$ cat start33.tsv   # TSV, C-alpha atoms
chain	number	residue	atom	x	y	z
A	647	LEU	CA	-13.80	-2.43	-17.52
A	648	THR	CA	-12.88	-3.22	-21.11
A	649	GLN	CA	-16.17	-3.55	-23.01
A	650	TRP	CA	-18.04	-0.35	-23.81
A	651	GLY	CA	-21.13	0.53	-25.84
A	652	PRO	CA	-22.98	3.69	-26.90
A	653	ILE	CA	-26.04	5.08	-25.13
A	654	ASP	CA	-27.00	8.07	-27.27
A	655	ASP	CA	-30.13	10.21	-27.45
A	656	VAL	CA	-31.69	7.71	-29.88
A	657	VAL	CA	-33.17	6.14	-26.73
A	658	MET	CA	-35.47	9.19	-26.57
A	659	GLY	CA	-35.93	9.83	-30.30
A	660	GLY	CA	-32.76	11.80	-31.05
A	661	VAL	CA	-30.33	11.20	-33.91
A	662	SER	CA	-26.89	11.59	-32.24
A	663	GLU	CA	-24.35	8.78	-32.56
A	664	SER	CA	-21.09	7.84	-30.87
A	665	THR	CA	-18.65	5.02	-30.17
A	666	LEU	CA	-15.56	4.24	-28.12
A	667	VAL	CA	-12.72	2.59	-30.02
A	668	VAL	CA	-9.01	2.06	-29.46
A	669	GLU	CA	-7.05	3.98	-32.10
A	670	PRO	CA	-3.30	3.67	-32.81
A	671	GLY	CA	-1.39	6.91	-32.28
A	672	ALA	CA	-4.19	8.65	-30.38
A	673	GLY	CA	-2.37	8.65	-27.04
A	674	GLU	CA	-0.49	11.44	-25.33
A	675	SER	CA	2.90	10.17	-26.54
A	676	GLY	CA	1.78	8.56	-29.77
A	677	GLU	CA	0.67	5.27	-28.22
A	678	SER	CA	-2.76	3.74	-28.71
A	679	ALA	CA	-5.65	5.20	-26.75
A	680	ALA	CA	-9.39	4.85	-26.51
A	681	VAL	CA	-11.25	7.60	-28.36
A	682	PHE	CA	-14.81	8.67	-27.53
A	683	ARG	CA	-15.99	10.07	-30.84
A	684	GLY	CA	-19.22	10.79	-32.62
A	685	VAL	CA	-21.65	13.47	-33.72
A	686	VAL	CA	-24.06	15.07	-31.27
A	687	ARG	CA	-27.21	16.58	-32.80
A	688	GLU	CA	-30.09	18.56	-31.32
A	689	GLU	CA	-32.83	17.44	-33.71
A	690	ASN	CA	-35.88	15.69	-32.25
A	691	ASN	CA	-35.19	17.18	-28.80
A	692	GLY	CA	-31.92	15.25	-28.57
A	693	GLY	CA	-28.49	16.48	-27.63
A	694	PHE	CA	-26.31	13.90	-25.97
A	695	CYS	CA	-23.85	11.10	-26.68
A	696	ALA	CA	-22.59	8.63	-24.09
A	697	VAL	CA	-20.61	5.41	-23.80
A	698	ARG	CA	-20.99	3.00	-20.91
A	699	SER	CA	-18.95	0.02	-19.79
A	700	THR	CA	-20.62	-3.34	-19.43
A	701	ASN	CA	-21.35	-4.42	-15.88
A	702	ALA	CA	-18.34	-5.60	-13.90
A	703	GLU	CA	-18.74	-8.93	-12.14
A	704	PRO	CA	-17.87	-8.77	-9.32
A	705	PRO	CA	-18.22	-5.00	-8.80
A	706	VAL	CA	-15.02	-2.95	-8.65
A	707	ASP	CA	-14.06	-1.89	-5.12
A	708	LEU	CA	-12.73	1.70	-5.08
A	709	SER	CA	-13.40	2.27	-1.39
A	710	ARG	CA	-9.69	2.80	-0.66
A	711	CYS	CA	-9.61	5.66	-3.17
A	712	ASP	CA	-10.67	9.28	-2.73
A	713	GLY	CA	-12.27	9.72	-6.14
A	714	LEU	CA	-12.18	8.97	-9.85
A	715	ALA	CA	-9.41	10.21	-12.15
A	716	ILE	CA	-9.82	10.48	-15.92
A	717	ARG	CA	-6.83	11.23	-18.13
A	718	LEU	CA	-8.04	12.64	-21.46
A	719	LYS	CA	-7.53	15.26	-24.14
A	720	GLY	CA	-10.20	17.89	-23.67
A	721	ASN	CA	-12.30	19.63	-26.28
A	722	GLY	CA	-13.23	22.71	-24.26
A	723	GLN	CA	-16.62	21.33	-23.26
A	724	ARG	CA	-18.14	20.16	-20.01
A	725	LEU	CA	-18.48	16.40	-19.75
A	726	LYS	CA	-20.30	14.10	-17.34
A	727	VAL	CA	-19.01	10.93	-15.74
A	728	THR	CA	-21.42	8.47	-14.19
A	729	LEU	CA	-20.94	5.59	-11.76
A	730	ARG	CA	-23.46	2.82	-11.23
A	731	THR	CA	-23.57	0.62	-8.16
A	732	ASP	CA	-26.12	-1.93	-9.38
A	733	THR	CA	-26.59	-3.99	-12.53
A	734	GLY	CA	-29.90	-2.46	-13.60
A	735	TRP	CA	-30.14	-0.80	-16.98
A	736	ASP	CA	-32.17	2.25	-16.00
A	737	GLY	CA	-32.08	3.42	-12.40
A	738	VAL	CA	-30.39	5.85	-10.07
A	739	GLN	CA	-26.85	6.64	-11.15
A	740	TRP	CA	-24.17	8.82	-9.58
A	741	CYS	CA	-23.10	11.74	-11.78
A	742	ALA	CA	-20.48	14.48	-11.73
A	743	SER	CA	-19.69	17.14	-14.32
A	744	PHE	CA	-16.24	18.49	-15.13
A	745	ASP	CA	-14.86	21.06	-17.56
A	746	THR	CA	-12.09	20.25	-20.02
A	747	PRO	CA	-9.39	22.44	-21.60
A	748	ASP	CA	-9.54	22.71	-25.36
A	749	GLY	CA	-6.94	20.54	-27.11
A	750	GLU	CA	-4.89	19.75	-24.00
A	751	TRP	CA	-4.23	16.55	-22.10
A	752	PHE	CA	-5.18	16.80	-18.46
A	753	THR	CA	-6.36	14.70	-15.55
A	754	ALA	CA	-9.81	15.34	-14.15
A	755	ARG	CA	-9.91	14.28	-10.49
A	756	ILE	CA	-13.45	14.06	-9.17
A	757	PRO	CA	-13.84	13.27	-5.45
A	758	PHE	CA	-16.51	10.70	-4.69
A	759	SER	CA	-18.17	13.34	-2.53
A	760	GLU	CA	-19.01	15.31	-5.70
A	761	PHE	CA	-20.98	12.48	-7.35
A	762	ARG	CA	-24.70	13.15	-7.05
A	763	PRO	CA	-27.61	10.69	-7.30
A	764	VAL	CA	-29.49	11.25	-10.55
A	765	PHE	CA	-32.40	9.58	-12.32
A	766	ARG	CA	-32.89	10.70	-15.94
A	767	ALA	CA	-31.14	14.04	-15.24
A	768	GLN	CA	-33.30	14.64	-12.13
A	769	ILE	CA	-31.38	15.04	-8.86
A	770	VAL	CA	-32.61	12.46	-6.35
A	771	LYS	CA	-32.80	13.78	-2.79
A	772	ASP	CA	-31.63	12.08	0.40
A	773	ARG	CA	-29.57	9.29	-1.12
A	774	GLY	CA	-26.31	9.95	0.74
A	775	GLN	CA	-22.96	9.35	-0.97
A	776	VAL	CA	-22.01	6.89	-3.70
A	777	ASP	CA	-20.92	3.46	-2.47
A	778	ALA	CA	-17.45	3.31	-3.99
A	779	SER	CA	-16.99	-0.28	-2.81
A	780	ARG	CA	-19.27	-1.67	-5.53
A	781	VAL	CA	-18.87	0.17	-8.83
A	782	THR	CA	-20.55	-1.88	-11.55
A	783	SER	CA	-20.12	0.43	-14.54
A	784	VAL	CA	-18.74	3.78	-15.69
A	785	GLN	CA	-20.28	6.09	-18.27
A	786	LEU	CA	-18.84	9.13	-20.04
A	787	MET	CA	-21.24	11.64	-21.60
A	788	LEU	CA	-21.23	14.80	-23.73
A	789	SER	CA	-24.62	16.44	-23.29
A	790	LYS	CA	-26.32	19.78	-23.75
A	791	PHE	CA	-28.22	19.01	-20.54
A	792	GLU	CA	-26.99	19.36	-16.97
A	793	TYR	CA	-29.42	18.51	-14.15
A	794	ASP	CA	-32.88	19.32	-12.86
A	795	GLU	CA	-32.26	20.32	-9.25
A	796	GLY	CA	-35.94	20.09	-8.35
A	797	ASP	CA	-36.01	23.78	-7.41
A	798	GLY	CA	-38.47	24.90	-10.07
A	799	ARG	CA	-35.91	26.05	-12.64
A	800	GLY	CA	-36.22	22.90	-14.69
A	801	LEU	CA	-33.51	21.08	-16.59
A	802	GLN	CA	-30.40	23.26	-16.78
A	803	LYS	CA	-28.20	23.50	-19.89
A	804	ASN	CA	-24.51	22.82	-20.30
A	805	PRO	CA	-22.95	26.29	-20.77
A	806	THR	CA	-20.09	25.00	-22.96
A	807	PHE	CA	-22.06	22.61	-25.17
A	808	ARG	CA	-21.48	22.63	-28.94
A	809	ALA	CA	-23.37	20.39	-31.33
A	810	GLY	CA	-21.43	18.63	-34.07
A	811	PRO	CA	-18.62	16.09	-34.40
A	812	PHE	CA	-16.26	15.45	-31.51
A	813	ALA	CA	-13.32	13.20	-30.65
A	814	ILE	CA	-11.98	12.82	-27.10
A	815	PRO	CA	-8.89	10.59	-26.62
A	816	ILE	CA	-8.83	8.87	-23.22
A	817	ALA	CA	-5.67	7.43	-21.64
A	818	GLY	CA	-7.46	5.80	-18.74
A	819	ILE	CA	-10.00	5.94	-15.93
A	820	ARG	CA	-9.03	4.84	-12.44
A	821	GLY	CA	-9.48	5.53	-8.77
A	822	TYR	CA	-7.05	8.03	-7.31
A	823	VAL	CA	-5.64	8.68	-3.85
A	824	ALA	CA	-5.25	12.36	-3.03
A	825	ALA	CA	-2.69	12.23	-0.22
A	826	PRO	CA	0.10	9.84	0.81
A	827	ARG	CA	-0.89	6.46	2.19
A	828	LEU	CA	2.68	5.66	3.26
A	829	VAL	CA	4.93	8.07	5.16
A	830	TYR	CA	8.50	6.82	5.61
A	831	VAL	CA	10.84	8.49	8.10
A	832	SER	CA	14.42	8.52	6.83
A	833	SER	CA	17.03	11.06	7.95
A	834	ALA	CA	18.76	14.19	6.75
A	835	GLY	CA	22.24	13.40	5.41
A	836	VAL	CA	21.12	10.12	3.90
A	837	THR	CA	22.56	11.03	0.47
A	838	ARG	CA	25.73	12.81	1.61
A	839	TRP	CA	27.98	9.89	2.51
A	840	ASN	CA	28.93	9.33	-1.16
A	841	ARG	CA	28.29	12.77	-2.67
A	842	PRO	CA	31.19	14.00	-4.82
A	843	GLY	CA	33.01	17.05	-3.48
A	844	ILE	CA	31.51	16.96	0.00
A	845	ASN	CA	33.66	17.29	3.14
A	846	VAL	CA	32.25	14.61	5.42
A	847	ASP	CA	34.20	16.01	8.39
A	848	GLU	CA	31.82	18.98	8.35
A	849	GLU	CA	28.76	16.75	8.32
A	850	PRO	CA	26.69	15.31	11.20
A	851	PRO	CA	28.12	12.23	12.95
A	852	ALA	CA	25.95	9.73	11.07
A	853	VAL	CA	27.42	10.94	7.77
A	854	LYS	CA	31.02	10.89	9.02
A	855	MET	CA	30.56	7.46	10.62
A	856	ASN	CA	28.35	5.78	8.03
A	857	ASP	CA	30.82	2.95	7.42
A	858	MET	CA	31.56	2.52	11.12
A	859	LEU	CA	27.82	2.29	11.82
A	860	GLY	CA	27.38	-0.55	9.36
A	861	GLY	CA	26.23	1.61	6.47
A	862	ILE	CA	23.12	2.85	8.24
A	863	LEU	CA	22.57	5.71	5.78
A	864	THR	CA	23.28	3.41	2.84
A	865	TYR	CA	20.45	1.16	3.98
A	866	LYS	CA	18.11	4.04	4.72
A	867	LEU	CA	18.63	5.37	1.20
A	868	ALA	CA	17.98	1.91	-0.24
A	869	ALA	CA	14.77	1.73	1.79
A	870	GLU	CA	13.70	5.08	0.33
A	871	GLU	CA	14.02	3.61	-3.16
A	872	VAL	CA	11.86	0.65	-2.15
A	873	VAL	CA	9.18	3.09	-1.00
A	874	ARG	CA	9.40	5.20	-4.17
A	875	ASN	CA	9.09	2.13	-6.39
A	876	SER	CA	6.33	0.49	-4.36
A	877	GLY	CA	3.49	1.98	-6.39
A	878	LEU	CA	1.94	3.36	-3.19
A	879	PRO	CA	1.23	7.08	-2.76
A	880	PHE	CA	4.12	8.08	-0.51
A	881	ALA	CA	5.96	10.85	1.28
A	882	ILE	CA	9.51	10.52	2.61
A	883	VAL	CA	10.52	12.73	5.54
A	884	ARG	CA	14.19	13.33	6.38
A	885	PRO	CA	14.32	14.97	9.81
A	886	CYS	CA	17.52	16.52	11.08
A	887	ALA	CA	18.80	15.55	14.55
A	888	LEU	CA	15.86	14.52	16.74
A	889	THR	CA	15.57	16.13	20.17
A	890	GLU	CA	13.42	15.77	23.26
A	891	GLU	CA	12.38	19.44	23.15
A	892	PRO	CA	8.64	20.23	23.37
A	893	PRO	CA	6.68	20.61	20.13
A	894	GLY	CA	5.63	23.87	18.50
A	895	ALA	CA	8.89	25.36	17.20
A	896	PRO	CA	8.82	27.11	13.81
A	897	LEU	CA	9.78	24.64	11.09
A	898	GLU	CA	11.67	24.75	7.81
A	899	VAL	CA	11.64	22.26	4.95
A	900	SER	CA	14.25	21.85	2.23
A	901	GLN	CA	15.10	19.55	-0.66
A	902	GLY	CA	18.36	18.26	-2.07
A	903	ASP	CA	19.61	17.04	1.33
A	904	VAL	CA	21.78	20.01	2.33
A	905	ILE	CA	20.43	21.34	5.63
A	906	ARG	CA	21.68	20.66	9.16
A	907	GLY	CA	19.92	21.30	12.42
A	908	LYS	CA	17.52	19.81	14.93
A	909	ILE	CA	13.83	19.07	15.34
A	910	SER	CA	11.65	17.88	18.17
A	911	ARG	CA	10.54	14.25	17.91
A	912	ASP	CA	7.00	15.41	18.68
A	913	ASP	CA	7.04	17.92	15.81
A	914	ALA	CA	8.33	15.28	13.40
A	915	ALA	CA	5.64	12.83	14.52
A	916	GLU	CA	2.88	15.43	14.17
A	917	LEU	CA	4.05	16.22	10.66
A	918	CYS	CA	4.02	12.55	9.65
A	919	VAL	CA	0.41	12.19	10.75
A	920	GLY	CA	-0.53	15.43	9.02
A	921	LEU	CA	0.97	14.28	5.72
A	922	LEU	CA	-1.64	11.50	5.47
A	923	SER	CA	-4.23	14.18	4.73
A	924	THR	CA	-2.02	16.60	2.77
A	925	PRO	CA	-2.20	16.12	-1.02
A	926	GLU	CA	0.77	18.48	-1.52
A	927	ALA	CA	3.01	15.85	0.10
A	928	LYS	CA	2.30	13.09	-2.41
A	929	GLU	CA	5.44	11.72	-4.17
A	930	THR	CA	7.73	14.09	-2.25
A	931	THR	CA	11.00	13.66	-0.37
A	932	PHE	CA	12.15	16.52	1.84
A	933	GLU	CA	14.31	17.44	4.81
A	934	LEU	CA	12.91	19.00	7.97
A	935	LYS	CA	14.30	21.06	10.87
A	936	CYS	CA	13.27	23.82	13.25
A	937	THR	CA	14.57	27.30	12.55
A	938	LEU	CA	16.37	27.63	15.91
A	939	PRO	CA	20.10	26.81	16.21
A	940	PHE	CA	21.24	23.92	18.37
A	941	SER	CA	22.42	26.38	21.02
A	942	GLU	CA	18.93	27.85	21.49
A	943	PRO	CA	16.38	25.54	23.11
A	944	TRP	CA	12.72	25.85	22.20
A	945	THR	CA	10.64	26.87	25.22
A	946	GLY	CA	7.50	28.17	23.55
A	947	GLU	CA	3.97	26.80	23.58
A	948	PRO	CA	2.80	24.03	21.22
A	949	ALA	CA	1.04	25.28	18.11
A	950	GLU	CA	-2.72	24.75	18.15
A	951	SER	CA	-2.63	23.57	14.55
A	952	ARG	CA	-0.20	23.50	11.65
A	953	ASP	CA	-0.84	24.39	8.03
A	954	TRP	CA	1.20	21.59	6.46
A	955	ALA	CA	0.13	22.53	2.92
A	956	SER	CA	1.65	26.01	3.31
A	957	LEU	CA	4.84	24.55	4.77
A	958	LEU	CA	5.19	22.30	1.71
A	959	LYS	CA	4.11	24.82	-0.93
A	960	ASP	CA	7.54	24.91	-2.64
A	961	VAL	CA	8.30	21.19	-2.32
A	962	LYS	CA	8.49	19.37	-5.66
A	963	PRO	CA	7.68	15.71	-6.36
A	964	TRP	CA	10.48	13.25	-7.13
A	965	VAL	CA	13.37	15.37	-5.86
A	966	THR	CA	15.74	13.05	-3.98
A	967	GLY	CA	19.16	14.72	-3.83
A	968	ARG	CA	20.76	11.38	-4.65
A	969	THR	CA	24.10	10.87	-6.38
A	970	VAL	CA	23.70	8.86	-9.56
A	971	ASP	CA	25.80	7.74	-12.55
A	972	ASP	CA	28.08	5.58	-10.39
A	973	GLY	CA	28.79	8.38	-7.94
A	974	LYS	CA	29.44	11.10	-10.52
A	975	THR	CA	26.29	13.23	-10.56
A	976	TYR	CA	24.56	14.93	-7.63
A	977	THR	CA	20.92	15.48	-8.64
A	978	GLY	CA	20.36	18.35	-6.20
A	979	THR	CA	16.81	19.74	-6.47
A	980	THR	CA	16.21	18.38	-9.97
A	981	PRO	CA	13.28	15.93	-10.07
A	982	GLU	CA	14.42	12.46	-11.09
A	983	ARG	CA	11.16	11.76	-12.88
A	984	ASP	CA	7.95	13.50	-13.80
A	985	ALA	CA	5.15	13.57	-11.30
A	986	SER	CA	2.46	11.02	-12.04
A	987	PRO	CA	-0.37	12.43	-14.20
A	988	TRP	CA	-2.73	10.50	-11.96
$ encode --input "start33.tsv" --output "structure tokens"
Amino acid sequence: LTQWGPIDDVVMGGVSESTLVVEPGAGESGESAAVFRGVVREENNGGFCAVRSTNAEPPVDLSRCDGLAIRLKGNGQRLKVTLRTDTGWDGVQWCASFDTPDGEWFTARIPFSEFRPVFRAQIVKDRGQVDASRVTSVQLMLSKFEYDEGDGRGLQKNPTFRAGPFAIPIAGIRGYVAAPRLVYVSSAGVTRWNRPGINVDEEPPAVKMNDMLGGILTYKLAAEEVVRNSGLPFAIVRPCALTEEPPGAPLEVSQGDVIRGKISRDDAAELCVGLLSTPEAKETTFELKCTLPFSEPWTGEPAESRDWASLLKDVKPWVTGRTVDDGKTYTGTTPERDASPW
């Protein structure tokens, strides 16, 4: 969606004005960025500025995404974003409001479930959820008006609205995926075979015998890098020694590839499925084991449910524990890159 135009309150007699232009140096790191700028005025019962993209042909399919993400520099006011699913000029649109920090870059992530059907600021009842498979246009709005809920209170006001000039740099608008779409099972020890200063004789057999086993850990680590660079939302799980014990043992996660131990295959499998609906796992790599020593078998009952988000609360994105710089530097628990702002 590259062509945008203003839709200000002049359509109802107001005198506000706005535009969306690409400006050099307006981006987060000094690059070019689109800037939604203008002057919003309240005269003549006005009070809003908006810019809308021209209709996409064919419509944009965001059905594989969980919502819309907008990377922008806030001005401390509440904004609206609108999706249209038809090519009509004036009809039902799907709106969501979000607050912005003043003077800071941030990413607003709005789930599709929060977009509400609206016609001229009036909430439309019984329209279901937005059809994200056919987005025809996107609109961004700064308005003193919120919505008329149809409950007798009338049109509600934006509590953070300020009239006057404004400028909002925008890095991009795109669909986002909240949780991993790809979970890759690697193994604990995958980075230890070439780590400087490590005593491989004290490591699990796969580490000691990596060369004898045809470089199995070498290839697993290479596969991890393929996953990380795929562009897909991922999580990489490195289980310790897999056992046939029943599921339900207490679990421990770690990063930096230092732990040893065991874990039930069933527990590892349950975790992998759970990660597909756990946003905290996105862009992470971590090791996994149960808290019992090898000498103590797990004989307890399976857990009814697991809180995977709590288990991963201290896990950081982009920690790999790899050795880099031609085998000289062990990265430990230091992230190799920043987490994606999206």
$ residues_around --input "start33.tsv" --residues "Leu863 of chain A" --least-positions-apart "4" --cutoff "7 Å" --atoms "all atoms listed in the file" --output "count of residues only"
3
$ residues_near_point --input "start33.tsv" --point "(-22.9, -0.5, -18.4)" --cutoff "6 Å" --atoms "all atoms listed in the file" --output "PyMOL selection string"
chain A and resi 698-701+783
$ residues_around --input "start33.tsv" --residues "segment 911-913 of chain A" --least-positions-apart "5" --cutoff "12 Å" --atoms "all atoms listed in the file" --output "PyMOL selection string"
chain A and resi 831+885-898+918-920+934-936+944+948-949+951-952+954
$ write_last_selection --input "start33.tsv" --atoms "C-alpha atoms" --output "PDB file, in the coordinates of the input"
ATOM      1  CA  VAL A 831      10.840   8.490   8.100  1.00  0.00           C
ATOM      2  CA  PRO A 885      14.320  14.970   9.810  1.00  0.00           C
ATOM      3  CA  CYS A 886      17.520  16.520  11.080  1.00  0.00           C
ATOM      4  CA  ALA A 887      18.800  15.550  14.550  1.00  0.00           C
ATOM      5  CA  LEU A 888      15.860  14.520  16.740  1.00  0.00           C
ATOM      6  CA  THR A 889      15.570  16.130  20.170  1.00  0.00           C
ATOM      7  CA  GLU A 890      13.420  15.770  23.260  1.00  0.00           C
ATOM      8  CA  GLU A 891      12.380  19.440  23.150  1.00  0.00           C
ATOM      9  CA  PRO A 892       8.640  20.230  23.370  1.00  0.00           C
ATOM     10  CA  PRO A 893       6.680  20.610  20.130  1.00  0.00           C
ATOM     11  CA  GLY A 894       5.630  23.870  18.500  1.00  0.00           C
ATOM     12  CA  ALA A 895       8.890  25.360  17.200  1.00  0.00           C
ATOM     13  CA  PRO A 896       8.820  27.110  13.810  1.00  0.00           C
ATOM     14  CA  LEU A 897       9.780  24.640  11.090  1.00  0.00           C
ATOM     15  CA  GLU A 898      11.670  24.750   7.810  1.00  0.00           C
ATOM     16  CA  CYS A 918       4.020  12.550   9.650  1.00  0.00           C
ATOM     17  CA  VAL A 919       0.410  12.190  10.750  1.00  0.00           C
ATOM     18  CA  GLY A 920      -0.530  15.430   9.020  1.00  0.00           C
ATOM     19  CA  LEU A 934      12.910  19.000   7.970  1.00  0.00           C
ATOM     20  CA  LYS A 935      14.300  21.060  10.870  1.00  0.00           C
ATOM     21  CA  CYS A 936      13.270  23.820  13.250  1.00  0.00           C
ATOM     22  CA  TRP A 944      12.720  25.850  22.200  1.00  0.00           C
ATOM     23  CA  PRO A 948       2.800  24.030  21.220  1.00  0.00           C
ATOM     24  CA  ALA A 949       1.040  25.280  18.110  1.00  0.00           C
ATOM     25  CA  SER A 951      -2.630  23.570  14.550  1.00  0.00           C
ATOM     26  CA  ARG A 952      -0.200  23.500  11.650  1.00  0.00           C
ATOM     27  CA  TRP A 954       1.200  21.590   6.460  1.00  0.00           C
TER      28      TRP A 954
END
$ atom_distance --input "start33.tsv" --atom1 "atom CA of Tyr865 of chain A" --atom2 "atom CA of Ala852 of chain A"
12.4 Å
$ residues_around --input "start33.tsv" --residues "segment 927-929 of chain A" --least-positions-apart "5" --cutoff "9 Å" --atoms "all atoms listed in the file" --output "number ranges by chain"
A: 824-827, 874, 879-882, 921-922, 954-955, 958, 961-965, 985-986
$ residues_around --input "start33.tsv" --residues "Gln775 of chain A" --least-positions-apart "6" --cutoff "8 Å" --atoms "all atoms listed in the file" --output "list in words"
Phe758, Ser759, Phe761, Arg762 and Pro763 of chain A
$ closest_residue --input "start33.tsv" --among "A:Ile814, A:Val661, A:Cys711, A:Val656" --to "Arg683 of chain A" --atoms "only C-alpha atoms"
A:Ile814
$ closest_residue --input "start33.tsv" --among "A:Val873, A:Ala702, A:Leu708, A:Val823" --to "Ala778 of chain A" --atoms "all atoms listed in the file"
A:Leu708
$ closest_residue --input "start33.tsv" --among "A:Ala817, A:Met787, A:Val727, A:Val738" --to "Ala680 of chain A" --atoms "all atoms listed in the file"
A:Ala817
$ residues_around --input "start33.tsv" --residues "Leu801 of chain A" --least-positions-apart "4" --cutoff "12 Å" --atoms "only C-alpha atoms" --output "ChimeraX atom specification"
/A:766-769,790-797
$ closest_residue --input "start33.tsv" --among "A:Gly973, A:Gly722, A:Gly967, A:Gly818" --to "Glu750 of chain A" --atoms "all atoms listed in the file"
A:Gly722
$ atom_distance --input "start33.tsv" --atom1 "atom CA of Ile819 of chain A" --atom2 "atom CA of Pro652 of chain A"
17.1 Å
$ atom_distance --input "start33.tsv" --atom1 "atom CA of Gly692 of chain A" --atom2 "atom CA of Phe744 of chain A"
20.9 Å
$ closest_residue --input "start33.tsv" --among "A:Thr980, A:Ser900, A:Gln723, A:Ser789" --to "Lys959 of chain A" --atoms "all atoms listed in the file"
A:Ser900
$ decode --input "start33.tsv" --residues "segment 777-791 of chain A" --atoms "N, CA, C and O atoms" --output "compact mmCIF listing (two decimals), in the first residue's frame"
# COMPACT_ATOMS: atom_id res chain seq x y z
N ASP A 777 -12.62 -9.53 8.28
CA ASP A 777 -12.09 -10.56 7.37
C ASP A 777 -10.68 -10.14 6.95
O ASP A 777 -10.50 -9.37 6.02
N ALA A 778 -9.69 -10.67 7.66
CA ALA A 778 -8.30 -10.26 7.41
C ALA A 778 -7.77 -10.81 6.10
O ALA A 778 -6.66 -10.45 5.70
N SER A 779 -8.52 -11.64 5.42
CA SER A 779 -8.04 -12.21 4.16
C SER A 779 -8.24 -11.27 2.97
O SER A 779 -7.73 -11.55 1.88
N ARG A 780 -8.97 -10.17 3.18
CA ARG A 780 -9.19 -9.26 2.06
C ARG A 780 -9.17 -7.79 2.52
O ARG A 780 -10.18 -7.08 2.51
N VAL A 781 -8.02 -7.34 2.93
CA VAL A 781 -7.83 -5.95 3.35
C VAL A 781 -7.60 -5.10 2.11
O VAL A 781 -6.63 -5.30 1.37
N THR A 782 -8.49 -4.14 1.87
CA THR A 782 -8.37 -3.31 0.68
C THR A 782 -7.68 -1.98 0.96
O THR A 782 -7.05 -1.41 0.07
N SER A 783 -7.80 -1.46 2.19
CA SER A 783 -7.12 -0.20 2.50
C SER A 783 -6.93 -0.08 4.00
O SER A 783 -7.60 -0.74 4.80
N VAL A 784 -5.97 0.80 4.36
CA VAL A 784 -5.66 1.09 5.75
C VAL A 784 -5.75 2.60 5.95
O VAL A 784 -5.35 3.38 5.06
N GLN A 785 -6.26 3.00 7.08
CA GLN A 785 -6.40 4.43 7.39
C GLN A 785 -5.87 4.70 8.78
O GLN A 785 -6.10 3.92 9.70
N LEU A 786 -5.16 5.80 8.95
CA LEU A 786 -4.65 6.23 10.25
C LEU A 786 -5.28 7.58 10.57
O LEU A 786 -5.33 8.47 9.70
N MET A 787 -5.76 7.74 11.79
CA MET A 787 -6.55 8.93 12.14
C MET A 787 -6.16 9.48 13.50
O MET A 787 -5.92 8.72 14.45
N LEU A 788 -6.11 10.82 13.60
CA LEU A 788 -6.03 11.53 14.87
C LEU A 788 -7.34 12.29 15.01
O LEU A 788 -7.65 13.16 14.18
N SER A 789 -8.13 11.96 16.02
CA SER A 789 -9.48 12.52 16.13
C SER A 789 -9.82 12.83 17.57
O SER A 789 -9.38 12.13 18.49
N LYS A 790 -10.64 13.86 17.76
CA LYS A 790 -11.14 14.14 19.10
C LYS A 790 -12.32 13.23 19.44
O LYS A 790 -12.78 13.20 20.58
N PHE A 791 -12.79 12.49 18.46
CA PHE A 791 -13.94 11.61 18.65
C PHE A 791 -13.49 10.16 18.79
O PHE A 791 -12.59 9.71 18.11
